[in-house]
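Student: I'm passing along start16.txt; it holds compact mmCIF, C-alpha atoms and all ligand atoms.
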```
# COMPACT_ATOMS: atom_id res chain seq x y z
CA MET G 6 197.77 98.60 159.74
CA HIS G 7 199.63 101.32 157.91
CA THR G 8 198.71 101.97 154.32
CA ASN G 9 199.60 104.19 151.41
CA SER G 10 197.54 106.92 153.02
CA ASP G 11 199.83 106.92 156.07
CA ILE G 12 202.75 107.74 153.79
CA GLU G 13 200.66 110.49 152.15
CA ILE G 14 200.04 111.99 155.57
CA LEU G 15 203.78 111.97 156.31
CA ILE G 16 204.56 113.60 152.98
CA LYS G 17 202.01 116.38 153.59
CA ASP G 18 202.98 116.95 157.24
CA PRO G 19 204.62 120.44 157.38
CA LYS G 20 206.57 119.48 160.50
CA ILE G 21 208.53 116.75 158.74
CA ASN G 22 212.02 117.48 157.46
CA PRO G 23 211.84 117.90 153.63
CA GLU G 24 214.81 115.55 153.16
CA LEU G 25 212.94 112.82 155.02
CA LYS G 26 209.89 113.51 152.87
CA ILE G 27 211.95 112.75 149.77
CA ILE G 28 212.76 109.35 151.29
CA ALA G 29 209.06 108.77 151.98
CA GLU G 30 208.31 109.61 148.33
CA LYS G 31 210.95 107.12 147.19
CA VAL G 32 209.46 104.37 149.33
CA LYS G 33 205.95 105.15 148.10
CA ASN G 34 207.16 104.90 144.50
CA GLY G 35 209.26 101.78 145.03
CA ILE G 36 212.55 103.62 144.44
CA ARG G 37 215.69 102.35 146.16
CA ILE G 38 217.07 104.62 148.90
CA SER G 39 220.73 105.66 148.86
CA ASN G 40 223.37 105.22 151.55
CA GLU G 41 222.99 108.94 152.38
CA ASP G 42 219.26 108.40 152.81
CA ALA G 43 219.89 105.47 155.15
CA LEU G 44 222.29 107.55 157.22
CA LEU G 45 219.74 110.34 157.41
CA LEU G 46 217.12 107.87 158.61
CA PHE G 47 219.45 106.55 161.31
CA ASN G 48 220.41 110.07 162.41
CA GLN G 49 217.12 111.90 162.17
CA ALA G 50 214.02 109.79 161.56
CA SER G 51 211.61 109.16 164.39
CA LEU G 52 210.32 105.73 165.31
CA PRO G 53 206.83 106.34 163.85
CA PHE G 54 208.31 107.72 160.62
CA THR G 55 210.56 104.69 160.02
CA GLY G 56 207.76 102.37 161.15
CA ILE G 57 205.24 103.70 158.65
CA LEU G 58 207.68 103.32 155.75
CA ALA G 59 208.89 99.87 156.81
CA ASN G 60 205.41 98.54 157.41
CA TYR G 61 204.29 99.86 154.05
CA ILE G 62 207.04 97.80 152.38
CA ARG G 63 206.37 94.78 154.59
CA GLU G 64 202.69 94.76 153.72
CA LYS G 65 203.35 95.35 150.04
CA LYS G 66 205.61 92.29 150.01
CA HIS G 67 203.75 89.98 152.38
CA GLY G 68 200.47 91.52 153.54
CA ASP G 69 199.87 90.32 157.10
CA ILE G 70 201.68 87.03 156.63
CA THR G 71 204.23 86.27 159.31
CA TYR G 72 206.40 83.26 158.65
CA PHE G 73 207.85 80.87 161.16
CA ASN G 74 209.81 77.68 160.88
CA ARG G 75 209.97 74.56 163.04
CA ASN G 76 213.63 73.93 163.63
CA PHE G 77 216.06 72.90 166.32
CA HIS G 78 219.56 74.10 167.09
CA ILE G 79 222.68 72.08 167.78
CA GLU G 80 225.86 73.65 169.13
CA PRO G 81 228.57 71.02 168.65
CA THR G 82 230.87 72.91 171.03
CA ASN G 83 230.79 76.00 173.20
CA ILE G 84 234.57 76.36 173.11
CA CYS G 85 236.19 78.61 170.57
CA LEU G 86 239.71 79.50 169.66
CA TYR G 87 238.72 83.03 168.69
CA THR G 88 238.18 85.77 171.23
CA CYS G 89 235.49 88.05 169.83
CA THR G 90 234.96 90.65 172.51
CA PHE G 91 231.15 90.58 172.28
CA CYS G 92 230.98 86.81 172.63
CA SER G 93 230.23 84.99 175.84
CA TYR G 94 231.98 81.82 174.65
CA SER G 95 235.43 83.07 173.87
CA ARG G 96 236.89 82.94 177.35
CA LEU G 97 235.97 79.29 177.67
CA ILE G 98 239.04 78.11 175.83
CA LYS G 99 240.89 78.97 179.02
CA LYS G 100 238.27 77.26 181.19
CA ARG G 101 237.72 74.09 179.24
CA GLU G 102 236.02 72.34 182.13
CA GLU G 103 232.99 74.59 181.59
CA GLY G 104 232.74 73.56 177.97
CA TRP G 105 231.40 70.71 175.90
CA GLU G 106 232.70 69.16 172.69
CA TYR G 107 230.18 66.75 171.21
CA THR G 108 231.25 63.72 169.24
CA HIS G 109 229.43 62.56 166.12
CA ASP G 110 227.49 60.05 168.16
CA GLU G 111 226.40 62.71 170.64
CA ILE G 112 225.26 65.01 167.85
CA MET G 113 223.39 62.17 166.16
CA ASP G 114 221.70 61.41 169.51
CA ILE G 115 220.36 64.98 169.51
CA VAL G 116 219.14 64.61 165.92
CA ARG G 117 217.39 61.34 166.84
CA LYS G 118 215.56 63.01 169.74
CA TYR G 119 213.56 64.87 167.09
CA ASP G 120 212.65 61.79 165.07
CA ASP G 121 208.97 62.04 165.99
CA GLN G 122 208.79 65.82 165.80
CA PRO G 123 207.55 67.67 162.71
CA VAL G 124 210.69 69.82 162.45
CA THR G 125 211.93 70.69 158.96
CA GLU G 126 215.38 72.11 159.74
CA VAL G 127 218.42 71.61 161.93
CA HIS G 128 220.51 74.74 162.55
CA ILE G 129 224.08 73.78 163.48
CA VAL G 130 226.54 76.38 164.69
CA GLY G 131 228.98 76.70 167.57
CA GLY G 132 232.55 77.62 168.39
CA VAL G 133 235.60 77.00 166.21
CA LEU G 134 237.73 74.08 167.38
CA PRO G 135 240.80 72.71 165.55
CA LYS G 136 239.58 69.13 165.87
CA TYR G 137 236.35 69.91 164.03
CA ASP G 138 237.79 69.81 160.54
CA VAL G 139 236.44 69.34 157.02
CA LYS G 140 236.19 65.56 157.52
CA PHE G 141 234.32 65.97 160.81
CA TYR G 142 231.63 68.12 159.24
CA THR G 143 231.30 66.27 155.93
CA THR G 144 230.90 62.98 157.82
CA LEU G 145 228.38 64.62 160.14
CA PHE G 146 226.27 66.04 157.31
CA LYS G 147 226.29 62.69 155.51
CA GLY G 148 225.26 60.95 158.73
CA ILE G 149 222.33 63.30 159.29
CA LYS G 150 221.16 62.90 155.68
CA ALA G 151 221.45 59.10 155.88
CA HIS G 152 219.31 59.15 159.02
CA ARG G 153 216.73 61.74 157.95
CA PRO G 154 217.05 62.77 154.30
CA ASP G 155 214.25 65.34 154.39
CA LEU G 156 215.75 67.33 157.28
CA HIS G 157 217.20 70.58 155.90
CA ILE G 158 220.74 71.13 157.16
CA LYS G 159 221.46 74.82 157.75
CA ALA G 160 224.96 74.78 159.14
CA LEU G 161 228.12 76.71 159.95
CA THR G 162 229.18 80.13 158.81
CA PRO G 163 232.12 81.53 156.84
CA VAL G 164 233.92 81.79 160.19
CA GLU G 165 234.14 77.99 160.42
CA TYR G 166 234.45 77.43 156.66
CA HIS G 167 237.31 79.89 156.29
CA TYR G 168 239.17 78.23 159.17
CA ILE G 169 238.69 74.59 158.15
CA PHE G 170 239.35 75.14 154.44
CA LYS G 171 242.55 77.00 155.19
CA LYS G 172 243.72 74.16 157.43
CA ASP G 173 242.98 71.56 154.75
CA LYS G 174 244.47 73.75 152.01
CA LEU G 175 241.22 73.92 150.08
CA THR G 176 240.01 76.92 148.14
CA TYR G 177 236.63 78.27 149.20
CA ALA G 178 235.14 76.94 145.97
CA GLU G 179 236.53 73.43 146.52
CA GLY G 180 235.45 73.45 150.15
CA MET G 181 231.91 74.62 149.53
CA GLN G 182 231.51 72.07 146.73
CA LEU G 183 232.51 69.33 149.21
CA MET G 184 229.96 70.62 151.74
CA LEU G 185 227.27 70.64 149.07
CA GLU G 186 228.06 67.05 148.13
CA SER G 187 227.95 66.03 151.81
CA GLY G 188 224.42 67.28 152.37
CA LEU G 189 224.72 70.92 153.43
CA ASP G 190 221.50 72.62 152.28
CA SER G 191 221.96 76.22 153.32
CA MET G 192 224.04 78.58 155.40
CA PRO G 193 222.81 80.59 158.39
CA GLY G 194 223.63 84.27 158.65
CA GLY G 195 226.05 84.30 161.58
CA GLY G 196 229.60 85.56 161.74
CA ALA G 197 228.81 88.73 159.83
CA GLU G 198 229.00 91.02 162.89
CA ILE G 199 230.01 94.37 161.34
CA PHE G 200 231.98 94.07 158.11
CA HIS G 201 233.83 97.39 158.33
CA PRO G 202 237.44 96.68 159.43
CA GLU G 203 237.46 99.69 161.79
CA VAL G 204 234.95 97.84 163.93
CA ARG G 205 235.57 94.21 162.98
CA ASP G 206 239.27 94.35 163.89
CA GLN G 207 238.33 95.56 167.37
CA ILE G 208 235.52 93.14 168.15
CA ALA G 209 236.22 90.06 166.03
CA GLY G 210 239.89 90.25 165.17
CA GLY G 211 241.47 87.11 163.78
CA LYS G 212 238.43 85.48 162.29
CA CYS G 213 237.40 85.81 158.64
CA SER G 214 237.19 89.35 157.33
CA GLY G 215 234.04 90.98 156.03
CA GLU G 216 235.27 90.42 152.47
CA GLN G 217 235.92 86.74 153.11
CA TRP G 218 232.47 86.36 154.68
CA LEU G 219 230.88 87.88 151.60
CA ASN G 220 233.07 85.87 149.26
CA ILE G 221 232.07 82.52 150.80
CA HIS G 222 228.38 83.46 150.58
CA GLU G 223 228.86 84.50 146.95
CA ILE G 224 230.48 81.16 146.09
CA TRP G 225 227.67 79.32 147.86
CA HIS G 226 225.02 81.31 146.00
CA LYS G 227 226.73 80.56 142.71
CA LEU G 228 226.30 76.87 143.48
CA GLY G 229 222.58 77.63 143.38
CA LYS G 230 222.14 77.56 147.16
CA LYS G 231 220.64 79.96 149.68
CA SER G 232 221.86 81.62 152.85
CA ASN G 233 220.96 84.28 155.42
CA ALA G 234 222.73 87.40 156.63
CA THR G 235 222.96 89.07 160.02
CA MET G 236 224.31 92.28 161.51
CA LEU G 237 225.40 92.50 165.14
CA TYR G 238 224.62 96.08 166.14
CA GLY G 239 224.45 98.26 169.22
CA HIS G 240 228.01 98.02 170.54
CA ILE G 241 230.93 100.20 169.38
CA GLU G 242 229.80 100.78 165.82
CA GLU G 243 228.52 104.07 164.46
CA TYR G 244 225.61 104.46 162.09
CA PHE G 245 227.82 104.74 159.03
CA HIS G 246 229.29 101.30 159.84
CA ARG G 247 225.77 99.86 159.81
CA VAL G 248 225.04 101.52 156.49
CA ASP G 249 228.30 100.18 155.06
CA HIS G 250 227.33 96.68 156.24
CA LEU G 251 223.86 96.91 154.69
CA ASP G 252 225.38 98.31 151.49
CA LYS G 253 227.74 95.32 151.11
CA LEU G 254 224.82 92.94 151.58
CA ARG G 255 222.60 94.77 149.13
CA GLN G 256 225.37 94.79 146.52
CA LEU G 257 225.98 91.06 146.83
CA GLN G 258 222.26 90.37 146.72
CA ASP G 259 222.03 92.36 143.46
CA LYS G 260 224.68 90.02 142.06
CA THR G 261 223.44 86.63 143.28
CA ASN G 262 219.94 86.90 144.80
CA GLY G 263 221.07 84.14 147.15
CA PHE G 264 220.09 85.71 150.47
CA GLN G 265 216.72 84.81 151.83
CA THR G 266 216.55 86.68 155.10
CA PHE G 267 218.25 89.48 156.97
CA ILE G 268 218.39 89.11 160.75
CA PRO G 269 219.47 92.14 162.80
CA LEU G 270 221.06 90.89 166.05
CA LYS G 271 220.96 93.20 169.04
CA PHE G 272 224.20 93.09 171.04
CA ARG G 273 223.56 91.67 174.53
CA ASN G 274 226.09 92.65 177.14
CA GLU G 275 226.26 89.95 179.79
CA ASN G 276 229.29 87.73 180.38
CA ASN G 277 231.53 89.17 177.71
CA GLN G 278 234.35 91.66 177.33
CA LEU G 279 231.96 94.42 176.26
CA SER G 280 229.79 94.22 179.37
CA HIS G 281 230.60 97.83 180.18
CA LEU G 282 228.66 98.98 177.11
CA PRO G 283 224.99 99.81 177.55
CA GLU G 284 222.58 97.89 175.35
CA SER G 285 220.58 99.62 172.64
CA SER G 286 217.10 100.79 173.61
CA ALA G 287 213.89 99.14 172.43
CA LEU G 288 213.25 102.24 170.36
CA GLU G 289 216.61 101.90 168.64
CA ASP G 290 216.01 98.20 168.01
CA LEU G 291 212.71 98.90 166.28
CA ARG G 292 214.22 101.73 164.22
CA ASN G 293 217.01 99.38 163.20
CA TYR G 294 214.52 96.74 162.00
CA ALA G 295 212.61 99.40 160.12
CA ILE G 296 215.61 101.02 158.42
CA SER G 297 216.94 97.58 157.45
CA ARG G 298 213.56 96.80 155.85
CA ILE G 299 213.55 100.12 153.98
CA TYR G 300 217.16 99.86 152.76
CA LEU G 301 217.32 96.18 151.78
CA ASP G 302 214.79 96.39 148.97
CA ASN G 303 216.19 93.25 147.34
CA PHE G 304 215.79 91.06 150.45
CA ASP G 305 212.45 89.27 150.63
CA HIS G 306 212.46 88.75 154.39
CA ILE G 307 213.49 90.46 157.61
CA LYS G 308 213.55 88.14 160.60
CA SER G 309 213.50 88.75 164.33
CA TYR G 310 215.07 86.20 166.60
CA TRP G 311 212.70 86.07 169.53
CA PRO G 312 214.82 84.14 172.07
CA MET G 313 217.23 87.06 171.99
CA ILE G 314 214.81 89.99 172.10
CA GLY G 315 211.87 88.48 173.97
CA ARG G 316 208.28 87.80 172.99
CA ASP G 317 206.94 91.36 173.36
CA MET G 318 209.65 92.86 171.17
CA ALA G 319 209.13 90.09 168.63
CA GLN G 320 205.45 91.08 168.43
CA LEU G 321 206.32 94.76 168.08
CA SER G 322 208.92 94.04 165.40
CA LEU G 323 206.09 92.83 163.15
CA ALA G 324 204.94 96.43 162.82
CA PHE G 325 208.46 97.62 161.92
CA GLY G 326 209.27 95.62 158.82
CA VAL G 327 209.72 92.11 160.20
CA ASP G 328 207.75 89.33 158.46
CA ASP G 329 209.42 86.27 159.96
CA ILE G 330 209.93 85.08 163.52
CA ASP G 331 212.54 82.49 164.34
CA GLY G 332 211.25 79.94 165.38
CA THR G 333 209.74 77.15 167.43
CA ILE G 334 212.86 76.32 169.31
CA ASP G 335 213.00 74.14 172.34
CA ASP G 336 216.64 73.88 173.12
CA THR G 337 218.76 75.97 175.41
CA THR G 338 220.72 77.88 172.83
CA LYS G 339 223.52 78.82 175.15
CA ILE G 340 225.31 81.43 173.07
CA TYR G 341 222.38 83.74 173.78
CA SER G 342 221.44 82.74 177.29
CA MET G 343 225.03 83.37 178.31
CA ALA G 344 225.03 86.78 176.64
CA GLY G 345 221.95 87.89 178.56
CA SER G 346 219.13 87.13 176.14
CA GLU G 347 215.57 87.83 177.22
CA GLU G 348 214.70 84.15 177.27
CA GLN G 349 216.86 81.95 179.48
CA ASN G 350 215.08 78.87 178.22
CA PRO G 351 213.86 79.76 174.77
CA ALA G 352 211.07 77.25 174.28
CA MET G 353 207.89 78.06 172.41
CA ASN G 354 205.68 75.52 170.75
CA THR G 355 203.73 76.07 167.55
CA GLU G 356 200.50 76.92 169.36
CA GLN G 357 202.19 79.61 171.41
CA LEU G 358 203.97 81.11 168.45
CA VAL G 359 200.80 81.10 166.34
CA ASN G 360 198.92 82.88 169.12
CA LEU G 361 201.73 85.38 169.63
CA ILE G 362 201.50 86.32 165.93
CA LYS G 363 197.69 86.38 165.86
CA ARG G 364 197.41 88.63 168.90
CA VAL G 365 199.03 91.45 166.94
CA GLY G 366 196.72 90.99 163.98
CA ARG G 367 199.02 89.05 161.67
CA ARG G 368 198.60 85.76 159.81
CA PRO G 369 200.89 82.95 161.00
CA VAL G 370 202.24 80.78 158.21
CA GLU G 371 204.61 77.90 158.81
CA ARG G 372 207.33 77.68 156.18
CA ASP G 373 210.25 75.41 155.43
CA THR G 374 213.77 76.82 155.19
CA LEU G 375 213.25 77.87 151.57
CA TYR G 376 209.95 79.64 152.37
CA ASN G 377 207.70 77.00 150.84
CA VAL G 378 204.45 77.12 152.80
CA VAL G 379 204.03 74.14 155.11
CA LYS G 380 200.79 75.26 156.77
CA ASP G 381 198.71 78.40 156.93
CA TYR G 382 197.45 78.90 160.51
CA THR G 383 195.30 81.96 159.76
CA ASP G 384 192.09 80.14 160.62
CA ALA G 385 193.48 77.75 163.21
CA ILE G 386 191.74 78.10 166.55
CA PHE G 387 193.85 77.62 169.63
CA SER G 388 192.69 78.34 173.13
CA THR G 389 194.18 81.68 174.09
CA ASP G 390 193.38 81.46 177.78
CA ASN G 391 195.31 78.31 178.39
CA GLU G 392 198.06 78.60 175.87
CA TYR G 393 200.84 79.03 178.37
CA LYS G 394 199.55 76.23 180.59
CA SER G 395 198.15 73.59 178.35
CA TYR G 396 200.87 72.87 175.85
CA VAL G 397 203.15 69.91 176.18
CA SER G 398 206.70 71.12 175.81
CA LEU G 399 209.19 69.30 173.62
CA PRO G 400 212.04 67.82 175.66
CA VAL G 401 214.67 70.34 176.71
CA LEU G 402 218.12 69.32 175.60
CA ASN G 403 221.39 69.66 177.46
O1 LIG G 501 227.44 85.50 164.61
C1 LIG G 501 227.24 86.43 169.55
C2 LIG G 501 225.77 86.75 167.51
C3 LIG G 501 225.45 85.17 165.93
C4 LIG G 501 226.30 87.86 170.88
O2 LIG G 501 220.53 82.46 159.87
C5 LIG G 501 225.56 87.81 169.71
O3 LIG G 501 218.57 81.83 160.50
C6 LIG G 501 224.13 89.38 170.51
O4 LIG G 501 223.71 84.16 163.32
N1 LIG G 501 224.82 89.52 171.67
C7 LIG G 501 224.98 83.75 165.69
N2 LIG G 501 224.47 88.54 169.52
C8 LIG G 501 223.46 83.66 165.57
C9 LIG G 501 222.97 83.78 164.18
C10 LIG G 501 221.58 83.41 163.83
C11 LIG G 501 220.58 83.36 164.79
C12 LIG G 501 219.29 82.99 164.42
C13 LIG G 501 218.99 82.66 163.11
C14 LIG G 501 220.00 82.70 162.16
C15 LIG G 501 219.70 82.31 160.76
C16 LIG G 501 221.30 83.08 162.51
O5 LIG G 501 225.10 85.57 167.24
C17 LIG G 501 226.91 85.43 165.89
C18 LIG G 501 226.98 86.77 166.57
O6 LIG G 501 226.77 87.80 165.63
N3 LIG G 501 226.17 86.93 168.91
N4 LIG G 501 227.33 87.00 170.78
C19 LIG G 501 225.90 88.78 171.89
N5 LIG G 501 226.61 88.96 173.01
FE1 LIG G 502 234.07 82.10 168.47
FE2 LIG G 502 231.89 82.87 167.16
FE3 LIG G 502 232.24 83.55 169.73
FE4 LIG G 502 233.76 84.69 167.87
S1 LIG G 502 231.49 84.87 168.06
S2 LIG G 502 234.47 83.83 169.83
S3 LIG G 502 234.01 83.01 166.41
S4 LIG G 502 231.94 81.48 168.95
```
Could you take the file, read its structure, and then write that structure out as structure tokens?
Tutor:
Amino acid sequence: MHTNSDIEILIKDPKINPELKIIAEKVKNGIRISNEDALLLFNQASLPFTGILANYIREKKHGDITYFNRNFHIEPTNICLYTCTFCSYSRLIKKREEGWEYTHDEIMDIVRKYDDQPVTEVHIVGGVLPKYDVKFYTTLFKGIKAHRPDLHIKALTPVEYHYIFKKDKLTYAEGMQLMLESGLDSMPGGGAEIFHPEVRDQIAGGKCSGEQWLNIHEIWHKLGKKSNATMLYGHIEEYFHRVDHLDKLRQLQDKTNGFQTFIPLKFRNENNQLSHLPESSALEDLRNYAISRIYLDNFDHIKSYWPMIGRDMAQLSLAFGVDDIDGTIDDTTKIYSMAGSEEQNPAMNTEQLVNLIKRVGRRPVERDTLYNVVKDYTDAIFSTDNEYKSYVSLPVLN
């Protein structure tokens, strides 16, 4: 793995741009990089250069540990009243027959399917529907907690919260307090897209603004709770929009320290209004992980979402700043499969995920949502020859 001496080699290399060397010096000395530095990295730094710096930070923070979490996803509906151009759901409002809208009972049936499974988290997120209001979600969260109190509820994003609070004439603070009291434990990172209005207005017009997204997270953090952040990149944005996005996140994190994980999301171009755009290259994806790791010095974790990028890229990402892989998932998370994700049926059991991490020389550690260690798999022995044949898959939903 890369070490301090790799950075020394970069700094001494006469072929490397002196401005980039200054950034390498900053990283070596634990000094925060500026927005100009980040832009320079995006514009000029090679994959190996960014990789060495990001891996240095990753190993300083976590050594070889790679976290994963046993969770399951529920999408209450795949219909949405918004029409984000990158999204493969948005057209469904016009074609309702292709959609689903689960009732409470149907959602609880999904939760109950996992009763005998050692999952620690349910991740709930879907489209925005007028009939899913504050009451719908508070009743749902209470129902899940009554059934399985130890299951961590990570649910909804400021996109839904902004919409339902506005409808019920609640302030963000009142609304988030209600959610807290109903059993919401943390917030996932979705809906962030690109904060800058030049881009957001074109790809996600109508839903909450970047400022509103940040404001709802800030209020949630001030209630003592945690959340994640994402960035949807590789579509119409330019590098300075990415830097602006990362800057807003870093500033809020300085204020609240409420973010746990940053998850870069690669734009996938199937079945949406941006299908004419080419997707970012693997090289660009790895550079983006790395630069995110270098820039977000106040974020503990950078996560890759393997159902979206595939298993090989997830392994590679671990050498470019990523220390967390999401997750052991066995459902058909349709938002991604419709958008052209690598994995049409994103199922991977613990044994497979542990082996995937071990094969690239890292230490798999199962965590709960708040990064408490559930089990260290460093010394666990699983058969590598049979791993893809011998496991018993969890039931596939939907
Ligand atoms: O907000 C939608 C993105 C997000 C596409 O917090 C797309 O642990 C790529 O936020 N191509 C939702 N991405 C997913 C999300 C997430 C995933 C895993 C873990 C966590 C977490 C959060 O998916 C949306 C949007 O940015 N998305 N369409 C697409 N075509
Ligand atoms: Fe709706 Fe979210 Fe898709 Fe936008 S990204 S159309 S808010 S489901």
Student: Could the residues that lie within 7 Å of ligand LIG 502 (chain G), counting all atoms listed in the file, be listed as a list in words?
Tutor: Cys85, Leu86, Tyr87, Thr88, Cys89, Cys92, Ser93, Tyr94, Ser95, Gly131, Gly132, Val133, Val164, Gly196, Ala209 and Lys212 of chain G
Student: Which residues are near ligand LIG 501 (chain G) in this structure, taking near to mean any atom at most 6 Å from a ligand atom and counting all atoms listed in the file? Format them as a ChimeraX atom specification.
Tutor: /G:91-92,193-198,233,235,237,270-274,310,344
Student: Residues near Tyr382 (chain G), anyone? I mean within 9 Å using all atoms listed in the file, not counting same-chain ones fewer than 3 positions away, as a tab-separated table (two decimals) with C-alpha atoms, keeping the file's coordinate frame.
Tutor:
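As a result, out07.tsv now contains:
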```tsv
chain	number	residue	atom	x	y	z
G	359	VAL	CA	200.80	81.10	166.34
G	368	ARG	CA	198.60	85.76	159.81
G	369	PRO	CA	200.89	82.95	161.00
G	370	VAL	CA	202.24	80.78	158.21
G	371	GLU	CA	204.61	77.90	158.81
G	385	ALA	CA	193.48	77.75	163.21
G	386	ILE	CA	191.74	78.10	166.55
```
Student: At a cut-off of 9 Å from (228.2, 84.3, 143.9) in the coordinates of the file, what residues are picked up using all atoms listed in the file, written as a ChimeraX atom specification?
Tutor: /G:219-229,257-258,260-263
Student: Could you work out how far CA of Leu282 (chain G) lies from CA of Gly239 (chain G), giving the answer in Å with one decimal?
Tutor: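 A separation of 9.0 Å between them.
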Student: Using only C-alpha atoms, which residues sit within 12 Å of region 13-18 of chain G once same-chain residues fewer than 2 positions away are excluded, as a list in words?
Tutor: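 The residues satisfying every condition are His7, Thr8, Asn9, Ser10, Asp11, Lys20, Ile21, Asn22, Pro23, Glu24, Leu25, Lys26, Ile27, Ile28, Ala29, Glu30, Lys31, Val32, Lys33, Asn34, Ala50, Ser51, Pro53, Phe54, Thr55, Gly56, Ile57, Leu58 and Tyr61 of chain G.
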Student: Skip region 177-187 of chain G itself and residues of its chain fewer than 4 positions away, then list as a VMD selection string all residues within 6 Å of it, counting all atoms listed in the file.
Tutor: chain G and resid 143 146 to 147
Student: In Å, how far is it from CA of Asp331 (chain G) to CA of Asn74 (chain G)?
Tutor: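 Separating CA of Asp331 (chain G) from CA of Asn74 (chain G) is a distance of 6.5 Å.
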Student: Can you work out which one of G:Phe387, G:Tyr142, G:Phe77, G:Tyr238 has the shortest atom-to-atom distance to Pro123 (chain G), counting all atoms listed in the file?
Tutor: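 Under the stated criterion, the closest residue is G:Phe77.
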Student: Rounded to one decimal, what separation in Å do you get between CA of Ile38 (chain G) and CA of Ile299 (chain G)?
Tutor: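 The value is 7.6 Å.
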Student: Thr144 (chain G): which residues within 10 Å, counting only C-alpha atoms, same-chain residues fewer than 3 positions away excluded, as a PyMOL selection string?
Tutor: chain G and resi 109+139-141+147-150+184+187-188
Student: Using only C-alpha atoms, pick whichever of G:His157, G:Asn303, G:Ser286, G:Lys308 has the shortest atom-to-atom distance to Met236 (chain G).
Tutor: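 Smallest separation from Met236 (chain G) among the options: G:Lys308.
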Student: Kindly provide, as a count of residues only, the polymer residues lying within 8 Å of (228.5, 94.8, 158.5), counting all atoms listed in the file and using the coordinates exactly as they appear in the file.
Tutor: 15
Student: So, with all atoms listed in the file as the atoms that count, which of G:Leu45, G:Ile84, G:Met318, G:Leu358 lies closest to Glu103 (chain G)?
Tutor: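 Closest to Glu103 (chain G), using all atoms listed in the file: G:Ile84.
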Student: Determine, counting all atoms listed in the file, which protein, DNA and RNA residues have an atom within 6 Å of an atom of Ile158 (chain G); residues of the same chain fewer than 2 positions away are not included. Present the result as a ChimeraX atom specification.
Tutor: /G:127,160,189-190
Student: Using all atoms listed in the file, can you tell me which of G:Asp302, G:Asp155, G:Glu102, G:Asp138 comes closest to Arg255 (chain G)?
Tutor: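 Once distances to Arg255 (chain G) are computed over all atoms listed in the file, the minimum belongs to G:Asp302.
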Student: Name the closest residue to Ser214 (chain G) among the candidates G:Glu275, G:Ser39, G:Met192, G:Pro163; distances are taken between atoms, counting all atoms listed in the file.
Tutor: G:Pro163
Student: Considering only C-alpha atoms, can you say which of G:Tyr72, G:Val130, G:Arg117, G:Leu145 comes closest to Tyr166 (chain G)?
Tutor: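 With only C-alpha atoms as the atom set, the closest residue is G:Val130.
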